[in-house]
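Below is run-v3.tsv, which holds TSV, C-alpha atoms and all ligand atoms.
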chain	number	residue	atom	x	y	z
A	1	MET	CA	325.49	-99.02	193.58
A	2	ILE	CA	327.17	-95.66	194.06
A	3	LYS	CA	329.56	-95.74	197.00
A	4	LYS	CA	329.34	-92.75	199.28
A	5	ILE	CA	331.57	-91.44	202.02
A	6	THR	CA	330.11	-91.88	205.48
A	7	LEU	CA	330.56	-89.79	208.64
A	8	ALA	CA	332.43	-92.68	210.27
A	9	GLN	CA	335.08	-92.50	207.54
A	10	GLY	CA	336.10	-89.11	208.89
A	11	ALA	CA	336.06	-90.07	212.55
A	12	GLY	CA	339.71	-90.89	213.09
A	13	GLY	CA	339.39	-94.65	213.59
A	14	GLU	CA	339.78	-97.83	211.56
A	15	LEU	CA	337.35	-96.70	208.82
A	16	MET	CA	339.19	-93.43	208.24
A	17	ASP	CA	342.42	-95.37	208.14
A	18	GLN	CA	340.94	-97.48	205.34
A	19	LEU	CA	339.76	-94.41	203.40
A	20	ILE	CA	343.24	-92.89	203.59
A	21	LYS	CA	345.04	-96.10	202.64
A	22	GLU	CA	342.68	-97.16	199.83
A	23	ASN	CA	341.46	-93.89	198.37
A	24	ILE	CA	344.07	-91.22	199.07
A	25	LEU	CA	347.65	-92.46	199.40
A	26	GLN	CA	347.81	-94.00	195.91
A	27	PHE	CA	347.36	-90.56	194.33
A	28	PHE	CA	350.15	-88.93	196.36
A	29	LYS	CA	352.87	-91.51	195.75
A	30	LYS	CA	355.65	-89.12	194.74
A	31	GLN	CA	356.97	-87.65	197.97
A	32	GLY	CA	360.02	-85.81	196.67
A	33	ASN	CA	362.73	-85.58	199.30
A	34	ALA	CA	360.37	-85.70	202.27
A	35	GLU	CA	362.14	-87.45	205.14
A	36	VAL	CA	358.97	-88.26	207.09
A	37	ARG	CA	356.47	-88.96	204.34
A	38	LEU	CA	352.72	-89.07	203.99
A	39	THR	CA	352.85	-92.88	204.13
A	40	ALA	CA	354.19	-92.69	207.71
A	41	LEU	CA	350.71	-91.36	208.62
A	42	ASP	CA	352.29	-89.65	211.57
A	43	ASP	CA	351.27	-86.37	213.24
A	44	ALA	CA	353.39	-84.26	210.91
A	45	ALA	CA	355.65	-84.63	207.88
A	46	VAL	CA	359.28	-83.57	207.65
A	47	ILE	CA	360.82	-82.10	204.52
A	48	ASP	CA	364.23	-80.38	204.47
A	49	ASP	CA	364.18	-80.51	208.29
A	50	ILE	CA	360.96	-78.47	208.30
A	51	VAL	CA	358.13	-80.07	210.25
A	52	PHE	CA	354.79	-79.52	208.54
A	53	SER	CA	351.24	-80.39	209.58
A	54	THR	CA	347.65	-79.44	208.76
A	55	ASP	CA	344.24	-79.86	210.39
A	56	SER	CA	340.68	-78.93	209.51
A	57	HIS	CA	338.30	-78.24	212.35
A	58	THR	CA	334.57	-78.90	212.20
A	59	VAL	CA	333.74	-79.12	215.90
A	60	GLN	CA	330.15	-78.56	217.09
A	61	PRO	CA	329.25	-76.60	219.16
A	62	LEU	CA	331.75	-73.93	218.12
A	63	ILE	CA	332.13	-72.71	221.70
A	64	PHE	CA	332.25	-75.24	224.54
A	65	PRO	CA	333.36	-75.43	228.19
A	66	GLY	CA	337.10	-74.79	228.27
A	67	GLY	CA	337.59	-73.64	224.69
A	68	ASP	CA	336.24	-73.02	221.20
A	69	ILE	CA	336.97	-73.99	217.61
A	70	GLY	CA	339.64	-71.27	217.45
A	71	SER	CA	341.74	-72.37	220.42
A	72	LEU	CA	341.25	-75.98	219.30
A	73	ALA	CA	342.55	-75.26	215.79
A	74	VAL	CA	345.63	-73.43	217.02
A	75	CYS	CA	346.49	-76.02	219.69
A	76	GLY	CA	345.79	-79.01	217.45
A	77	THR	CA	348.28	-77.90	214.83
A	78	ILE	CA	350.94	-76.73	217.29
A	79	ASN	CA	350.68	-80.10	219.05
A	80	ASP	CA	351.06	-82.14	215.86
A	81	VAL	CA	354.24	-80.25	215.00
A	82	ALA	CA	355.59	-80.52	218.56
A	83	VAL	CA	355.04	-84.25	219.09
A	84	VAL	CA	357.29	-85.34	216.23
A	85	GLY	CA	360.13	-83.21	217.60
A	86	GLY	CA	359.40	-79.92	215.87
A	87	SER	CA	359.59	-76.49	217.39
A	88	PRO	CA	356.51	-74.71	215.96
A	89	LEU	CA	357.37	-71.45	214.17
A	90	GLY	CA	354.20	-70.18	212.56
A	91	LEU	CA	350.66	-71.05	211.54
A	92	SER	CA	348.33	-70.42	208.65
A	93	THR	CA	344.58	-70.27	209.00
A	94	GLY	CA	341.82	-70.76	206.42
A	95	PHE	CA	338.27	-69.79	207.36
A	96	ILE	CA	335.17	-71.12	205.62
A	97	ILE	CA	332.14	-69.17	206.80
A	98	GLU	CA	328.46	-69.82	206.10
A	99	GLU	CA	326.56	-66.80	204.84
A	100	GLY	CA	324.56	-65.35	207.75
A	101	PHE	CA	327.03	-66.45	210.44
A	102	SER	CA	327.09	-64.13	213.47
A	103	LEU	CA	329.90	-61.58	213.20
A	104	GLU	CA	330.03	-61.48	216.99
A	105	THR	CA	330.69	-65.24	217.25
A	106	PHE	CA	333.22	-64.98	214.43
A	107	GLU	CA	335.10	-62.35	216.38
A	108	ILE	CA	335.03	-64.41	219.59
A	109	ILE	CA	336.63	-67.28	217.69
A	110	VAL	CA	339.25	-65.20	215.89
A	111	ARG	CA	340.19	-63.37	219.09
A	112	SER	CA	340.58	-66.72	220.84
A	113	MET	CA	342.87	-67.92	218.04
A	114	GLY	CA	345.03	-64.83	218.44
A	115	GLN	CA	345.22	-65.20	222.21
A	116	THR	CA	346.02	-68.91	222.06
A	117	ALA	CA	348.71	-68.38	219.43
A	118	GLU	CA	350.23	-65.58	221.47
A	119	LYS	CA	350.23	-67.64	224.65
A	120	ALA	CA	351.94	-70.50	222.82
A	121	GLY	CA	354.43	-68.14	221.18
A	122	VAL	CA	353.51	-69.33	217.67
A	123	PRO	CA	352.18	-66.50	215.47
A	124	ILE	CA	349.49	-66.84	212.80
A	125	VAL	CA	351.28	-65.39	209.80
A	126	THR	CA	349.13	-66.15	206.76
A	127	GLY	CA	345.49	-66.93	206.06
A	128	ASP	CA	342.51	-67.13	203.77
A	129	THR	CA	338.82	-66.29	204.16
A	130	LYS	CA	335.92	-67.76	202.16
A	131	VAL	CA	332.18	-67.28	202.61
A	132	VAL	CA	329.79	-69.89	201.14
A	133	GLU	CA	326.04	-69.66	200.63
A	134	LYS	CA	323.66	-70.57	203.42
A	135	GLY	CA	323.42	-74.33	203.89
A	136	ALA	CA	326.67	-75.08	202.06
A	137	ILE	CA	328.35	-75.75	205.42
A	138	GLN	CA	327.21	-75.55	209.03
A	139	GLN	CA	328.17	-72.11	210.40
A	140	PHE	CA	331.96	-72.11	210.37
A	141	MET	CA	334.97	-74.32	209.70
A	142	VAL	CA	338.65	-73.57	209.93
A	143	ASN	CA	341.85	-75.13	208.64
A	144	THR	CA	345.17	-74.48	210.32
A	145	SER	CA	348.58	-75.53	209.07
A	146	GLY	CA	351.81	-75.18	210.93
A	147	ILE	CA	355.50	-75.32	210.25
A	148	GLY	CA	358.31	-75.83	212.68
A	149	ASN	CA	362.02	-76.38	212.63
A	150	ARG	CA	363.93	-79.16	214.32
A	151	SER	CA	363.69	-78.71	218.07
A	152	PRO	CA	367.01	-77.48	219.47
A	153	PHE	CA	366.62	-80.16	222.18
A	154	LEU	CA	366.10	-83.11	219.85
A	155	GLU	CA	369.82	-83.98	219.53
A	156	LYS	CA	370.26	-84.06	223.29
A	157	ASN	CA	367.12	-86.18	223.62
A	158	ILE	CA	368.39	-88.71	221.07
A	159	LYS	CA	371.82	-88.83	222.70
A	160	GLU	CA	370.18	-89.56	226.03
A	161	VAL	CA	368.10	-92.39	224.47
A	162	ASN	CA	371.26	-93.81	222.89
A	163	ARG	CA	372.98	-94.04	226.26
A	164	HIS	CA	370.44	-96.73	227.14
A	165	ARG	CA	369.44	-98.34	223.86
A	166	LYS	CA	370.20	-98.08	220.16
A	167	PHE	CA	368.12	-95.41	218.49
A	168	THR	CA	368.70	-94.35	214.91
A	169	ASN	CA	365.68	-92.27	213.91
A	170	ARG	CA	366.04	-88.49	213.74
A	171	TRP	CA	362.42	-87.78	214.72
A	172	LEU	CA	359.86	-88.95	217.29
A	173	LEU	CA	357.84	-91.28	215.10
A	174	ASP	CA	355.05	-93.68	216.01
A	175	SER	CA	357.28	-96.48	214.69
A	176	ASN	CA	360.08	-95.90	217.24
A	177	LEU	CA	358.73	-97.89	220.19
A	178	ARG	CA	360.67	-101.03	221.25
A	179	GLY	CA	360.10	-103.76	223.85
A	180	GLY	CA	361.05	-102.47	227.30
A	181	ASP	CA	360.14	-98.83	226.61
A	182	VAL	CA	357.70	-97.36	229.11
A	183	LEU	CA	354.46	-95.59	228.20
A	184	VAL	CA	353.71	-92.36	230.00
A	185	LEU	CA	350.50	-90.31	229.72
A	186	SER	CA	350.67	-86.61	230.60
A	187	GLY	CA	347.34	-86.41	232.46
A	188	ASN	CA	343.59	-87.08	232.60
A	189	ILE	CA	341.82	-88.50	229.57
A	190	GLY	CA	338.29	-87.97	228.28
A	191	GLU	CA	337.73	-84.36	229.30
A	192	HIS	CA	337.50	-82.78	225.86
A	193	GLY	CA	334.91	-85.20	224.47
A	194	ILE	CA	332.77	-85.20	227.60
A	195	ALA	CA	332.84	-81.38	227.90
A	196	LEU	CA	331.60	-81.14	224.31
A	197	LEU	CA	328.88	-83.74	224.71
A	198	SER	CA	327.57	-82.14	227.87
A	199	PHE	CA	327.12	-78.93	225.93
A	200	ARG	CA	325.35	-80.47	222.96
A	201	GLU	CA	321.61	-80.31	222.68
A	202	GLY	CA	319.78	-83.51	223.45
A	203	TYR	CA	322.26	-85.05	225.86
A	204	GLY	CA	321.14	-83.04	228.86
A	205	PHE	CA	323.57	-84.15	231.53
A	206	GLU	CA	325.33	-81.88	233.94
A	207	THR	CA	329.07	-81.93	234.39
A	208	THR	CA	331.79	-79.59	235.53
A	209	ILE	CA	334.27	-81.17	233.10
A	210	HIS	CA	336.10	-78.69	230.85
A	211	SER	CA	337.96	-79.41	227.64
A	212	ASP	CA	341.69	-79.95	228.15
A	213	VAL	CA	342.58	-78.01	224.98
A	214	ALA	CA	346.12	-76.65	225.39
A	215	PRO	CA	349.32	-76.11	223.38
A	216	LEU	CA	351.96	-78.72	224.21
A	217	ASN	CA	355.02	-77.04	222.65
A	218	SER	CA	356.56	-75.75	225.88
A	219	LEU	CA	356.02	-79.08	227.64
A	220	MET	CA	357.52	-81.01	224.69
A	221	ALA	CA	360.56	-78.70	224.68
A	222	GLN	CA	361.18	-79.36	228.38
A	223	LEU	CA	360.76	-83.10	227.90
A	224	LEU	CA	363.25	-83.19	225.02
A	225	ALA	CA	365.69	-81.11	227.06
A	226	GLU	CA	365.49	-83.78	229.77
A	227	GLY	CA	365.86	-86.56	227.18
A	228	GLY	CA	364.88	-90.21	226.85
A	229	ILE	CA	361.77	-89.78	224.70
A	230	VAL	CA	361.50	-92.23	221.78
A	231	CYS	CA	358.02	-91.35	220.50
A	232	ALA	CA	355.18	-88.98	221.30
A	233	LYS	CA	351.62	-88.55	220.12
A	234	ASP	CA	348.63	-86.45	221.10
A	235	PRO	CA	345.68	-88.82	221.73
A	236	THR	CA	343.07	-86.82	219.78
A	237	ARG	CA	340.35	-88.55	217.73
A	238	GLY	CA	340.10	-92.21	218.67
A	239	GLY	CA	341.63	-91.40	222.03
A	240	LEU	CA	344.23	-93.38	223.94
A	241	ALA	CA	343.00	-96.63	222.31
A	242	ASN	CA	343.83	-95.32	218.85
A	243	THR	CA	347.18	-93.79	219.84
A	244	LEU	CA	348.46	-96.98	221.48
A	245	ASN	CA	347.33	-99.09	218.51
A	246	GLU	CA	349.15	-96.72	216.15
A	247	PHE	CA	352.33	-97.13	218.19
A	248	SER	CA	351.91	-100.91	218.36
A	249	GLU	CA	351.09	-101.37	214.66
A	250	LYS	CA	353.79	-99.09	213.28
A	251	SER	CA	356.47	-100.20	215.74
A	252	LYS	CA	355.49	-103.89	215.44
A	253	VAL	CA	355.60	-104.37	219.19
A	254	GLY	CA	352.95	-105.23	221.79
A	255	VAL	CA	351.65	-102.76	224.36
A	256	PHE	CA	350.66	-103.86	227.84
A	257	LEU	CA	348.45	-101.40	229.62
A	258	ASP	CA	347.42	-101.11	233.28
A	259	GLU	CA	343.84	-99.89	233.61
A	260	ASP	CA	344.29	-98.82	237.23
A	261	ALA	CA	347.10	-96.47	236.26
A	262	ILE	CA	345.16	-94.50	233.62
A	263	PRO	CA	344.06	-91.14	235.07
A	264	ILE	CA	340.33	-90.78	234.41
A	265	PRO	CA	338.45	-88.09	236.34
A	266	GLU	CA	335.30	-89.20	238.15
A	267	GLY	CA	333.11	-86.89	236.03
A	268	VAL	CA	334.40	-88.52	232.82
A	269	ARG	CA	333.92	-92.01	234.24
A	270	SER	CA	330.33	-91.40	235.32
A	271	ALA	CA	329.41	-89.69	232.02
A	272	CYS	CA	330.94	-92.61	230.10
A	273	ASP	CA	329.01	-95.14	232.18
A	274	MET	CA	325.79	-93.28	231.56
A	275	LEU	CA	326.36	-92.88	227.81
A	276	GLY	CA	327.87	-96.33	227.29
A	277	ILE	CA	331.12	-95.06	225.80
A	278	ASP	CA	334.70	-96.05	226.52
A	279	PRO	CA	336.90	-93.28	228.00
A	280	LEU	CA	339.87	-94.83	226.18
A	281	GLU	CA	338.23	-93.98	222.84
A	282	ILE	CA	337.42	-90.32	223.58
A	283	GLY	CA	339.53	-87.62	221.95
A	284	ASN	CA	341.77	-85.32	224.03
A	285	GLU	CA	343.26	-81.99	222.95
A	286	GLY	CA	345.95	-81.19	225.50
A	287	LYS	CA	347.56	-84.53	226.31
A	288	VAL	CA	350.55	-86.44	225.05
A	289	VAL	CA	351.41	-90.13	225.22
A	290	LEU	CA	355.15	-90.74	225.40
A	291	GLY	CA	357.34	-93.76	224.81
A	292	VAL	CA	360.29	-93.39	227.15
A	293	VAL	CA	363.43	-95.50	227.72
A	294	LYS	CA	362.90	-97.08	231.11
A	295	GLU	CA	366.08	-95.65	232.65
A	296	LYS	CA	364.75	-92.11	232.09
A	297	VAL	CA	361.15	-92.56	233.21
A	298	ASP	CA	361.55	-91.04	236.67
A	299	ASP	CA	363.27	-87.95	235.25
A	300	VAL	CA	360.61	-87.56	232.56
A	301	LEU	CA	357.81	-87.93	235.11
A	302	SER	CA	359.34	-85.26	237.31
A	303	VAL	CA	359.57	-82.83	234.35
A	304	LEU	CA	355.93	-83.55	233.54
A	305	ARG	CA	354.66	-83.09	237.08
A	306	LYS	CA	356.42	-79.73	237.45
A	307	HIS	CA	354.66	-78.41	234.32
A	308	PRO	CA	351.07	-77.12	234.61
A	309	LEU	CA	349.99	-79.47	231.78
A	310	GLY	CA	351.56	-82.60	233.25
A	311	GLN	CA	350.61	-82.62	236.89
A	312	ARG	CA	348.56	-85.80	236.68
A	313	ALA	CA	351.11	-87.62	234.52
A	314	ALA	CA	351.34	-91.37	235.04
A	315	ILE	CA	353.10	-94.48	233.81
A	316	ILE	CA	350.30	-96.40	232.09
A	317	GLY	CA	352.08	-99.41	230.65
A	318	GLU	CA	355.00	-100.71	228.63
A	319	ALA	CA	355.97	-101.95	225.22
A	320	THR	CA	356.59	-105.69	225.23
A	321	GLU	CA	357.21	-108.58	222.87
A	322	THR	CA	355.14	-110.86	225.12
A	323	VAL	CA	351.77	-109.65	223.80
A	324	SER	CA	350.64	-108.65	220.33
A	325	GLY	CA	348.53	-105.57	219.78
A	326	VAL	CA	347.33	-103.62	222.81
A	327	VAL	CA	346.33	-105.64	225.88
A	328	MET	CA	345.04	-104.12	229.10
A	329	GLN	CA	345.21	-105.57	232.57
A	330	THR	CA	341.75	-104.60	233.83
A	331	ALA	CA	340.94	-103.20	237.25
A	332	VAL	CA	338.98	-106.38	238.11
A	333	GLY	CA	341.94	-108.62	237.30
A	334	GLY	CA	341.18	-109.79	233.76
A	335	LYS	CA	342.76	-108.94	230.42
A	336	ARG	CA	341.10	-107.01	227.63
A	337	ILE	CA	342.26	-106.47	224.07
A	338	ILE	CA	342.11	-102.77	223.19
A	339	ARG	CA	341.36	-102.35	219.50
A	340	LYS	CA	341.47	-99.31	217.28
A	341	PRO	CA	338.00	-97.75	217.48
A	342	LEU	CA	336.03	-98.07	214.24
A	343	GLY	CA	335.08	-94.42	214.41
A	344	ASP	CA	334.80	-91.85	217.16
A	345	PRO	CA	332.13	-92.50	219.81
A	346	ILE	CA	331.51	-88.74	219.80
A	347	PRO	CA	331.33	-87.26	216.29
A	348	ARG	CA	332.66	-83.79	215.33
A	349	ILE	CA	334.78	-83.22	218.41
A	350	CYS	CA	337.59	-81.44	216.57
A	401	MG	MG	348.19	-85.87	216.36

Mind turning this structure into structure tokens?
Ligand code: MG
Amino acid sequence: MIKKITLAQGAGGELMDQLIKENILQFFKKQGNAEVRLTALDDAAVIDDIVFSTDSHTVQPLIFPGGDIGSLAVCGTINDVAVVGGSPLGLSTGFIIEEGFSLETFEIIVRSMGQTAEKAGVPIVTGDTKVVEKGAIQQFMVNTSGIGNRSPFLEKNIKEVNRHRKFTNRWLLDSNLRGGDVLVLSGNIGEHGIALLSFREGYGFETTIHSDVAPLNSLMAQLLAEGGIVCAKDPTRGGLANTLNEFSEKSKVGVFLDEDAIPIPEGVRSACDMLGIDPLEIGNEGKVVLGVVKEKVDDVLSVLRKHPLGQRAAIIGEATETVSGVVMQTAVGGKRIIRKPLGDPIPRIC
């Protein structure tokens, strides 16, 4: 039987993890002098103190409430550079366009990329354009890569962590979490996925939910300037469930989560109930999950709440040796194990 790649293997969950580990990593074994290597499977790599990340975007529909594939591509890459402790410097963009694609829509998307990049202060400085024959792809896809240098606030952040507990890593990696660290989420979850679904044909439900797509570089800079951050990750595909499992797995520490504390807007909750999907598994595009030393949590929360992108920030749980994996105290008083989603409950959201 010929084995074929399935949609689920690209959906950011357990199956994609398997594809990467079994079919990709073995061919990229030599990592030169990369400090944060491919095998870390983190948001970005680090080589010669340059933070480097890449993303391809295949979202459908191309334009959705709160954003479009262009703003998504720019923010997604900026965020992956920022959450490991990089200060994003510049982006590349590679367009793949289907023959016959509307020039007007193309321009809307490219303009949006330019505006988003300008707003974030990270210019698009190099690019590539390809057109393929009709049917070879669906409409339009875009790849963005980004580089950044070491955030000027990273040393201060690490020093602040070290005042409270030993911390030896130079970057904010998924593997840095330790028992006693507190988990902080910067705001509402589920908005991006639900906004997209509501706009897709065939779902036909009404919602006022907009995508949360936003660049996190200014927020990350302020957080590092405050200090006390041990790890950070944007909960994109696979959502909060995937992010917390990544932290737990790579850091080899349990995560205890409080369901009541997780900010979920009513519109997301009701759409999830109707569609039978878990808000914890929905991708977000303008949120960050932080591991913070407990002595600094109040300061970090106050930085978050003063920033437009962190107003609904909340403490959602803690890292602990007393559980293994991710365990959630549910609103009704029970406990639930939160696993890595197999794939994304909503395909093609980024
Ligand atoms: Mg990421």

Cut-off 8 Å, all atoms listed in the file, neighbours of ligand MG 401 (chain A) as a PDB file with C-alpha atoms, in the coordinates of the input:
ATOM      1  CA  ASP A  42     352.290 -89.650 211.570  1.00  0.00           C
ATOM      2  CA  ASP A  43     351.270 -86.370 213.240  1.00  0.00           C
ATOM      3  CA  ALA A  44     353.390 -84.260 210.910  1.00  0.00           C
ATOM      4  CA  GLY A  76     345.790 -79.010 217.450  1.00  0.00           C
ATOM      5  CA  ASN A  79     350.680 -80.100 219.050  1.00  0.00           C
ATOM      6  CA  ASP A  80     351.060 -82.140 215.860  1.00  0.00           C
ATOM      7  CA  VAL A  83     355.040 -84.250 219.090  1.00  0.00           C
ATOM      8  CA  LYS A 233     351.620 -88.550 220.120  1.00  0.00           C
ATOM      9  CA  ASP A 234     348.630 -86.450 221.100  1.00  0.00           C
ATOM     10  CA  PRO A 235     345.680 -88.820 221.730  1.00  0.00           C
ATOM     11  CA  THR A 236     343.070 -86.820 219.780  1.00  0.00           C
TER      12      THR A 236
END

Taking a cut-off of 6 Å and counting only C-alpha atoms, can you build a table that, for each residue of stretch 22-97 of chain A near stretch 135-150 of chain A, reports the nearest atom pair and how far apart they are in Å (one decimal), sorted by chain then residue number, as JSON lines?
{"residue": "A:Ile50", "atom": "CA", "partner": "A:Asn149", "partner_atom": "CA", "distance": 4.9}
{"residue": "A:Val51", "atom": "CA", "partner": "A:Gly148", "partner_atom": "CA", "distance": 4.9}
{"residue": "A:Phe52", "atom": "CA", "partner": "A:Ile147", "partner_atom": "CA", "distance": 4.6}
{"residue": "A:Ser53", "atom": "CA", "partner": "A:Gly146", "partner_atom": "CA", "distance": 5.4}
{"residue": "A:Thr54", "atom": "CA", "partner": "A:Ser145", "partner_atom": "CA", "distance": 4.0}
{"residue": "A:Asp55", "atom": "CA", "partner": "A:Thr144", "partner_atom": "CA", "distance": 5.5}
{"residue": "A:Ser56", "atom": "CA", "partner": "A:Asn143", "partner_atom": "CA", "distance": 4.1}
{"residue": "A:His57", "atom": "CA", "partner": "A:Val142", "partner_atom": "CA", "distance": 5.3}
{"residue": "A:Thr58", "atom": "CA", "partner": "A:Met141", "partner_atom": "CA", "distance": 5.2}
{"residue": "A:Thr77", "atom": "CA", "partner": "A:Gly146", "partner_atom": "CA", "distance": 5.9}
{"residue": "A:Gly86", "atom": "CA", "partner": "A:Arg150", "partner_atom": "CA", "distance": 4.8}
{"residue": "A:Ser87", "atom": "CA", "partner": "A:Gly148", "partner_atom": "CA", "distance": 4.9}
{"residue": "A:Pro88", "atom": "CA", "partner": "A:Gly148", "partner_atom": "CA", "distance": 3.9}
{"residue": "A:Leu89", "atom": "CA", "partner": "A:Gly148", "partner_atom": "CA", "distance": 4.7}
{"residue": "A:Gly90", "atom": "CA", "partner": "A:Gly146", "partner_atom": "CA", "distance": 5.8}
{"residue": "A:Leu91", "atom": "CA", "partner": "A:Gly146", "partner_atom": "CA", "distance": 4.3}
{"residue": "A:Ser92", "atom": "CA", "partner": "A:Ser145", "partner_atom": "CA", "distance": 5.1}
{"residue": "A:Thr93", "atom": "CA", "partner": "A:Thr144", "partner_atom": "CA", "distance": 4.5}
{"residue": "A:Gly94", "atom": "CA", "partner": "A:Asn143", "partner_atom": "CA", "distance": 4.9}
{"residue": "A:Phe95", "atom": "CA", "partner": "A:Val142", "partner_atom": "CA", "distance": 4.6}
{"residue": "A:Ile96", "atom": "CA", "partner": "A:Met141", "partner_atom": "CA", "distance": 5.2}
{"residue": "A:Ile97", "atom": "CA", "partner": "A:Phe140", "partner_atom": "CA", "distance": 4.6}

So, counting all atoms listed in the file, which residue among A:Ile20, A:Ala225, A:Val332, A:Ala82 is closest to A:Leu154?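 Of A:Ile20, A:Ala225, A:Val332, A:Ala82, the one nearest A:Leu154, counting all atoms listed in the file, is A:Ala225.
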
Here atom CA of A:Gly67 and atom CA of A:Phe106 stand apart by 14.1 Å

Need to verify the contact set: stretch 261-265 of chain A, 6 Å, only C-alpha atoms, exclusion of same-chain residues closer than 6 positions in sequence. Can you return it as a PyMOL selection string? chain A and resi 188-189+316
